[in-house]
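Here is the file my_file-v1.cif (mmCIF, C-alpha atoms).
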```cif
data_query
loop_
_atom_site.group_PDB
_atom_site.id
_atom_site.type_symbol
_atom_site.label_atom_id
_atom_site.label_comp_id
_atom_site.auth_asym_id
_atom_site.auth_seq_id
_atom_site.Cartn_x
_atom_site.Cartn_y
_atom_site.Cartn_z
ATOM 1 C CA MET A 16 101.638 107.075 82.571
ATOM 2 C CA GLU A 17 101.940 103.290 82.600
ATOM 3 C CA THR A 18 99.250 101.379 84.495
ATOM 4 C CA LEU A 19 98.606 97.820 85.627
ATOM 5 C CA SER A 20 95.113 96.312 85.687
ATOM 6 C CA PHE A 21 94.290 93.105 87.530
ATOM 7 C CA ARG A 22 91.226 91.227 88.714
ATOM 8 C CA TRP A 23 90.778 90.855 92.474
ATOM 9 C CA ARG A 24 88.098 88.403 93.549
ATOM 10 C CA GLY A 25 87.190 85.783 96.118
ATOM 11 C CA ARG A 26 84.322 83.986 97.796
ATOM 12 C CA PHE A 27 83.953 86.394 100.709
ATOM 13 C CA GLY A 28 85.259 89.822 101.696
ATOM 14 C CA HIS A 29 85.138 92.096 104.737
ATOM 15 C CA PHE A 30 86.509 95.651 104.975
ATOM 16 C CA LEU A 31 85.772 96.880 108.487
ATOM 17 C CA ARG A 32 84.184 100.316 108.739
ATOM 18 C CA ALA A 33 86.183 102.762 110.816
ATOM 19 C CA GLU A 34 83.142 103.662 112.930
ATOM 20 C CA ALA A 35 82.086 100.035 113.599
ATOM 21 C CA ASN A 36 82.231 98.750 117.175
ATOM 22 C CA VAL A 37 80.330 95.621 118.325
ATOM 23 C CA ASN A 38 78.564 94.832 115.061
ATOM 24 C CA ALA A 39 81.292 94.769 112.449
ATOM 25 C CA PHE A 40 79.878 96.509 109.371
ATOM 26 C CA THR A 41 81.822 96.380 106.120
ATOM 27 C CA TYR A 42 82.378 98.949 103.407
ATOM 28 C CA PRO A 43 80.607 97.921 100.169
ATOM 29 C CA ILE A 44 83.890 98.282 98.264
ATOM 30 C CA PRO A 45 87.532 98.086 99.351
ATOM 31 C CA PRO A 46 88.907 101.496 100.389
ATOM 32 C CA ARG A 47 92.135 102.846 98.979
ATOM 33 C CA THR A 48 94.091 101.772 102.059
ATOM 34 C CA ALA A 49 92.960 98.147 101.599
ATOM 35 C CA ILE A 50 94.213 98.166 98.003
ATOM 36 C CA GLN A 51 97.492 99.646 99.222
ATOM 37 C CA GLY A 52 97.682 96.729 101.661
ATOM 38 C CA LEU A 53 97.133 94.244 98.819
ATOM 39 C CA ILE A 54 99.952 95.811 96.774
ATOM 40 C CA ALA A 55 102.201 95.796 99.852
ATOM 41 C CA ALA A 56 101.469 92.090 100.409
ATOM 42 C CA ILE A 57 102.389 91.273 96.814
ATOM 43 C CA LEU A 58 105.643 93.259 97.055
ATOM 44 C CA GLY A 59 106.498 92.075 100.577
ATOM 45 C CA LEU A 60 106.455 95.504 102.236
ATOM 46 C CA GLU A 61 106.148 95.820 105.988
ATOM 47 C CA LYS A 62 102.635 96.500 107.240
ATOM 48 C CA ASP A 63 103.393 99.843 108.877
ATOM 49 C CA SER A 64 105.437 101.121 105.921
ATOM 50 C CA LEU A 65 102.780 100.961 103.213
ATOM 51 C CA GLY A 66 101.403 104.409 104.059
ATOM 52 C CA GLU A 67 104.782 105.969 103.239
ATOM 53 C CA ALA A 68 106.123 103.553 100.626
ATOM 54 C CA LEU A 69 102.878 103.595 98.602
ATOM 55 C CA ALA A 70 101.703 107.105 99.405
ATOM 56 C CA GLY A 71 101.931 108.183 95.751
ATOM 57 C CA VAL A 72 100.167 105.183 94.234
ATOM 58 C CA ARG A 73 97.251 106.018 91.938
ATOM 59 C CA ILE A 74 94.332 103.632 92.153
ATOM 60 C CA ALA A 75 91.079 103.220 90.247
ATOM 61 C CA LEU A 76 88.473 100.570 91.027
ATOM 62 C CA SER A 77 85.605 99.224 88.932
ATOM 63 C CA GLY A 78 83.069 96.433 89.340
ATOM 64 C CA VAL A 79 79.603 95.836 90.738
ATOM 65 C CA PRO A 80 79.360 96.254 94.538
ATOM 66 C CA PRO A 81 78.654 92.722 95.833
ATOM 67 C CA GLN A 82 75.740 91.565 97.945
ATOM 68 C CA ARG A 83 76.172 91.625 101.724
ATOM 69 C CA PHE A 84 75.105 89.157 104.406
ATOM 70 C CA TRP A 85 75.545 88.631 108.139
ATOM 71 C CA HIS A 86 77.966 85.989 109.429
ATOM 72 C CA ARG A 87 78.311 84.965 113.080
ATOM 73 C CA VAL A 88 81.936 84.935 114.237
ATOM 74 C CA LYS A 89 83.257 83.368 117.450
ATOM 75 C CA LEU A 90 85.749 85.698 119.133
ATOM 76 C CA ARG A 91 87.722 84.567 122.188
ATOM 77 C CA LYS A 92 88.110 87.134 124.961
ATOM 78 C CA ASP A 93 90.696 85.235 127.032
ATOM 79 C CA PRO A 94 93.548 83.066 125.708
ATOM 80 C CA PRO A 95 93.589 79.353 126.687
ATOM 81 C CA ALA A 96 95.291 78.318 129.921
ATOM 82 C CA ALA A 97 99.079 78.103 129.659
ATOM 83 C CA LEU A 98 100.680 74.661 129.432
ATOM 84 C CA PRO A 99 102.427 73.481 132.652
ATOM 85 C CA PHE A 100 106.187 73.028 132.742
ATOM 86 C CA LYS A 101 105.757 69.379 133.793
ATOM 87 C CA VAL A 102 103.270 67.129 132.003
ATOM 88 C CA LYS A 103 102.201 63.756 133.433
ATOM 89 C CA ALA A 104 101.671 60.760 131.174
ATOM 90 C CA LYS A 105 97.921 60.491 131.888
ATOM 91 C CA GLN A 106 97.249 64.227 131.939
ATOM 92 C CA LYS A 107 94.485 65.232 129.514
ATOM 93 C CA GLY A 108 94.974 68.966 129.614
ATOM 94 C CA SER A 109 93.256 71.832 131.314
ATOM 95 C CA ARG A 110 89.482 71.888 131.780
ATOM 96 C CA LYS A 111 89.393 75.617 132.321
ATOM 97 C CA PRO A 112 86.569 77.049 130.198
ATOM 98 C CA GLU A 113 87.521 79.605 127.587
ATOM 99 C CA LYS A 114 85.440 82.747 127.554
ATOM 100 C CA ALA A 115 84.103 83.483 124.087
ATOM 101 C CA THR A 116 81.435 85.587 122.465
ATOM 102 C CA LEU A 117 79.534 85.397 119.193
ATOM 103 C CA VAL A 118 79.615 88.588 117.148
ATOM 104 C CA LEU A 119 77.797 89.324 113.922
ATOM 105 C CA GLN A 120 79.963 90.493 111.034
ATOM 106 C CA GLU A 121 78.730 91.848 107.728
ATOM 107 C CA TRP A 122 80.498 90.094 104.848
ATOM 108 C CA LEU A 123 80.588 90.648 101.086
ATOM 109 C CA TYR A 124 79.475 87.707 98.930
ATOM 110 C CA ARG A 125 81.652 86.908 95.900
ATOM 111 C CA PRO A 126 83.405 90.297 95.567
ATOM 112 C CA ASP A 127 84.901 90.762 92.122
ATOM 113 C CA PHE A 128 86.746 93.995 91.278
ATOM 114 C CA THR A 129 89.081 95.324 88.606
ATOM 115 C CA VAL A 130 91.944 97.368 90.043
ATOM 116 C CA THR A 131 93.960 99.762 87.877
ATOM 117 C CA CYS A 132 97.027 101.236 89.555
ATOM 118 C CA ALA A 133 100.135 103.237 88.748
ATOM 119 C CA LEU A 134 103.345 104.051 90.599
ATOM 120 C CA PRO A 135 104.628 107.016 88.572
ATOM 121 C CA ASP A 136 107.596 107.826 90.807
ATOM 122 C CA GLN A 137 108.729 104.255 91.513
ATOM 123 C CA SER A 138 109.398 102.604 88.145
ATOM 124 C CA GLU A 139 111.465 99.704 89.501
ATOM 125 C CA ARG A 140 108.859 98.845 92.114
ATOM 126 C CA PHE A 141 106.092 99.110 89.510
ATOM 127 C CA THR A 142 107.963 96.744 87.171
ATOM 128 C CA GLU A 143 108.328 94.261 90.028
ATOM 129 C CA LEU A 144 104.606 94.559 90.814
ATOM 130 C CA CYS A 145 103.667 93.864 87.183
ATOM 131 C CA ASP A 146 105.993 90.860 87.002
ATOM 132 C CA ARG A 147 104.720 89.383 90.237
ATOM 133 C CA VAL A 148 101.041 89.743 89.311
ATOM 134 C CA ARG A 149 101.634 88.318 85.820
ATOM 135 C CA GLU A 150 103.603 85.345 87.184
ATOM 136 C CA ARG A 151 101.380 84.911 90.253
ATOM 137 C CA ARG A 152 104.242 85.430 92.715
ATOM 138 C CA TRP A 153 103.642 87.296 95.969
ATOM 139 C CA HIS A 154 105.345 87.495 99.339
ATOM 140 C CA PHE A 155 102.094 87.178 101.315
ATOM 141 C CA GLY A 156 98.888 85.550 100.170
ATOM 142 C CA PRO A 157 96.339 88.074 98.856
ATOM 143 C CA CYS A 158 93.096 88.401 100.801
ATOM 144 C CA LEU A 159 89.914 90.471 100.818
ATOM 145 C CA GLY A 160 90.150 92.428 104.051
ATOM 146 C CA LEU A 161 90.628 89.623 106.576
ATOM 147 C CA SER A 162 93.605 87.268 106.277
ATOM 148 C CA GLU A 163 91.226 84.282 106.440
ATOM 149 C CA LEU A 164 89.310 85.477 103.359
ATOM 150 C CA LEU A 165 91.693 84.356 100.632
ATOM 151 C CA ALA A 166 91.555 86.061 97.245
ATOM 152 C CA ASP A 167 92.703 85.430 93.694
ATOM 153 C CA VAL A 168 94.666 88.072 91.786
ATOM 154 C CA GLU A 169 94.667 87.733 87.979
ATOM 155 C CA TRP A 170 96.745 89.872 85.611
ATOM 156 C CA LEU A 171 94.643 91.638 82.964
ATOM 157 C CA SER A 172 96.721 94.235 81.127
ATOM 158 C CA GLU A 173 99.462 96.858 81.168
ATOM 159 C CA GLU A 174 98.382 100.015 79.360
ATOM 160 C CA GLN A 175 99.214 103.685 79.036
ATOM 161 C CA ALA A 176 96.897 106.145 80.805
ATOM 162 C CA GLU A 177 96.107 109.332 78.905
ATOM 163 C CA PRO A 178 95.003 112.437 80.861
ATOM 164 C CA LEU A 179 91.814 114.021 79.490
ATOM 165 C CA ARG A 180 90.871 117.666 79.227
ATOM 166 C CA GLU A 181 88.300 119.160 81.538
ATOM 167 C CA GLY A 182 84.831 118.180 80.388
ATOM 168 C CA ASP A 183 81.908 115.774 80.774
ATOM 169 C CA TYR A 184 82.730 112.075 81.055
ATOM 170 C CA ARG A 185 81.165 108.796 82.093
ATOM 171 C CA VAL A 186 83.573 107.519 84.714
ATOM 172 C CA GLN A 187 83.723 103.820 85.528
ATOM 173 C CA GLY A 188 83.911 102.991 89.212
ATOM 174 C CA PRO A 189 83.870 105.221 92.310
ATOM 175 C CA CYS A 190 85.319 108.723 92.083
ATOM 176 C CA ARG A 191 86.349 111.306 94.645
ATOM 177 C CA ALA A 192 83.579 113.766 95.448
ATOM 178 C CA ASP A 193 85.977 116.720 95.693
ATOM 179 C CA GLN A 194 87.265 116.160 92.137
ATOM 180 C CA VAL A 195 84.008 115.898 90.169
ATOM 181 C CA GLU A 196 80.618 117.538 89.643
ATOM 182 C CA LEU A 197 77.732 115.133 89.153
ATOM 183 C CA ARG A 198 75.582 115.331 86.022
ATOM 184 C CA ALA A 199 71.917 114.335 86.221
ATOM 185 C CA GLU A 200 70.878 111.082 84.553
ATOM 186 C CA ASP A 201 67.736 109.010 85.085
ATOM 187 C CA GLY A 202 67.946 105.473 86.419
ATOM 188 C CA LEU A 203 71.176 105.796 88.386
ATOM 189 C CA GLY A 204 71.547 105.201 92.114
ATOM 190 C CA ILE A 205 74.552 107.202 93.306
ATOM 191 C CA HIS A 206 75.640 107.137 96.939
ATOM 192 C CA LEU A 207 78.129 109.322 98.779
ATOM 193 C CA LEU A 208 80.511 107.249 100.918
ATOM 194 C CA ARG A 209 83.237 108.324 103.309
ATOM 195 C CA LEU A 210 86.194 105.940 102.902
ATOM 196 C CA PRO A 211 89.750 105.795 104.290
ATOM 197 C CA HIS A 212 92.121 107.392 101.797
ATOM 198 C CA SER A 213 95.527 107.291 103.498
ATOM 199 C CA VAL A 214 97.215 105.995 106.651
ATOM 200 C CA ASP A 215 100.489 106.847 108.388
ATOM 201 C CA ALA A 216 102.915 104.759 110.442
ATOM 202 C CA GLN A 217 100.931 105.502 113.634
ATOM 203 C CA ARG A 218 97.812 103.948 112.021
ATOM 204 C CA THR A 219 96.052 107.315 111.758
ATOM 205 C CA PHE A 220 93.563 107.265 108.892
ATOM 206 C CA ARG A 221 92.414 110.168 106.737
ATOM 207 C CA HIS A 222 89.074 109.925 104.979
ATOM 208 C CA ARG A 223 87.566 111.380 101.811
ATOM 209 C CA GLY A 224 84.135 111.336 100.208
ATOM 210 C CA TYR A 225 83.472 109.110 97.166
ATOM 211 C CA TYR A 226 80.569 108.757 94.755
ATOM 212 C CA LEU A 227 79.497 105.153 94.106
ATOM 213 C CA GLU A 228 76.840 103.827 91.697
ATOM 214 C CA HIS A 229 75.146 100.932 93.497
ATOM 215 C CA GLN A 230 75.068 98.676 90.410
ATOM 216 C CA GLY A 231 78.522 99.549 89.139
ATOM 217 C CA ARG A 232 77.314 101.613 86.170
ATOM 218 C CA PRO A 233 79.369 104.568 84.821
ATOM 219 C CA ILE A 234 78.858 107.870 86.634
ATOM 220 C CA PRO A 235 78.292 111.015 84.497
ATOM 221 C CA VAL A 236 80.503 113.804 85.841
ATOM 222 C CA HIS A 237 82.218 117.026 84.882
ATOM 223 C CA THR A 238 85.870 116.897 85.899
ATOM 224 C CA ARG A 239 89.437 117.750 84.996
ATOM 225 C CA HIS A 240 90.780 114.614 86.720
ATOM 226 C CA ALA A 241 89.653 111.987 84.203
ATOM 227 C CA TRP A 242 92.004 109.547 82.462
ATOM 228 C CA ARG A 243 91.498 107.181 79.534
ATOM 229 C CA VAL A 244 92.941 103.703 80.009
ATOM 230 C CA GLY A 245 92.317 101.189 77.231
ATOM 231 C CA GLY A 246 89.031 102.764 76.173
ATOM 232 C CA ARG A 247 87.816 103.224 79.755
ATOM 233 C CA GLU A 248 87.338 106.591 81.430
ATOM 234 C CA LEU A 249 88.600 106.483 85.026
ATOM 235 C CA CYS A 250 89.311 108.801 87.933
ATOM 236 C CA PHE A 251 92.269 107.793 90.085
ATOM 237 C CA TRP A 252 91.911 108.027 93.864
#
```
Would it be possible to restate this file's structure as structure tokens?
Amino acid sequence: METLSFRWRGRFGHFLRAEANVNAFTYPIPPRTAIQGLIAAILGLEKDSLGEALAGVRIALSGVPPQRFWHRVKLRKDPPAALPFKVKAKQKGSRKPEKATLVLQEWLYRPDFTVTCALPDQSERFTELCDRVRERRWHFGPCLGLSELLADVEWLSEEQAEPLREGDYRVQGPCRADQVELRAEDGLGIHLLRLPHSVDAQRTFRHRGYYLEHQGRPIPVHTRHAWRVGGRELCFW
């Protein structure tokens, strides 16, 4: 299976948690649906079509989960007053106050990830994706969650992925909890996260559990879902 690896980084990132309400918490890493959105932006796919058009994409993520901090965001509740149909020469505009509120948002500081992806059933689309990333051409500017948080996408490699036999491996990056069995090892901090895995045209999300090492170190597991890509052992989401 042919894969594409690229670096996805920026100054700030924010991936809103599904259960967040007033205080906008972020996931520590981008969920699979966010990476699907990035690929859709590069290819120019419609927002509501990515769940179907990229349903079969295989994704692996590696990198150290970035630090998080709180940022105060000004959100407007009411739009500004509408402009009148007739404007006088000395008119300075409306003085109607705009209602606004300050909300705390949790942001990621300097997120830097390596994404490895494959589109096994869509060779033409995969070739276009590789060409666009290599030549830095995309339909919509890449971002890290919010459209205001611009990101840089850098081509790294195109390599063949080799499926591995069932056994013990040290997997780089998060892996699905239902596909692996953890192996004990001192000094690791492994967390179980529930992240969005897929979305349909009605914006209904489905979640799965993922194991994440809090410093980005390889996770020792027993699995039959491991792949070797360029000397790295990965589990695709």
Shortest interatomic distance to Trp153 (chain A) - which of A:Cys250, A:Thr18, A:Ile74, A:Ile57, counting only C-alpha atoms:
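Closest residue, counting only C-alpha atoms: A:Ile57.
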Tell me, as a list in words, which residues lie within 12 Å of Ser172 (chain A), counting all atoms listed in the file; anything in the same chain fewer than 4 positions away does not count.
Glu17, Thr18, Leu19, Ser20, Phe21, Arg22, Thr129, Val130, Thr131, Cys132, Cys145, Asp146, Val148, Arg149, Ala176, Val244 and Gly245 of chain A
Could you check how far CA of Glu177 (chain A) sits from CA of Met16 (chain A), in Å to one decimal?
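Pair CA of Glu177 (chain A) / CA of Met16 (chain A) returns 7.0 Å.
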Would you list the contacts of Glu121 (chain A) as an NGL selection string, taking every protein, DNA or RNA residue within 10 Å and counting only C-alpha atoms, but skipping same-chain residues closer than 6 positions in sequence?
:A and (28-31 or 38-43 or 83-87)
Rounded to one decimal place, report the CA of Glu163 (chain A)-CA of Pro80 (chain A) distance in Å.
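These atoms are spaced 20.6 Å apart.
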Can you translate the PyMOL selection byres ((chain A and resi 184) around 7) into the concrete residues it hits in this file, as a PDB file with C-alpha atoms, keeping the file's coordinate frame?
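And here's expr13.pdb as it stands now:
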```pdb
ATOM      1  CA  GLY A 182      84.831 118.180  80.388  1.00  0.00           C
ATOM      2  CA  ASP A 183      81.908 115.774  80.774  1.00  0.00           C
ATOM      3  CA  ARG A 185      81.165 108.796  82.093  1.00  0.00           C
ATOM      4  CA  VAL A 186      83.573 107.519  84.714  1.00  0.00           C
ATOM      5  CA  PRO A 235      78.292 111.015  84.497  1.00  0.00           C
ATOM      6  CA  VAL A 236      80.503 113.804  85.841  1.00  0.00           C
ATOM      7  CA  HIS A 237      82.218 117.026  84.882  1.00  0.00           C
TER       8      HIS A 237
END
```
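For the pair CA of Ala35 (chain A) and CA of Val168 (chain A), the separation is 27.9 Å.
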Surrounding residues of region 192-203 of chain A excluding itself and chain neighbours under 4 positions, 12 Å, all atoms listed in the file, as a ChimeraX atom specification:
/A:181-186,207-210,222-241,249-252
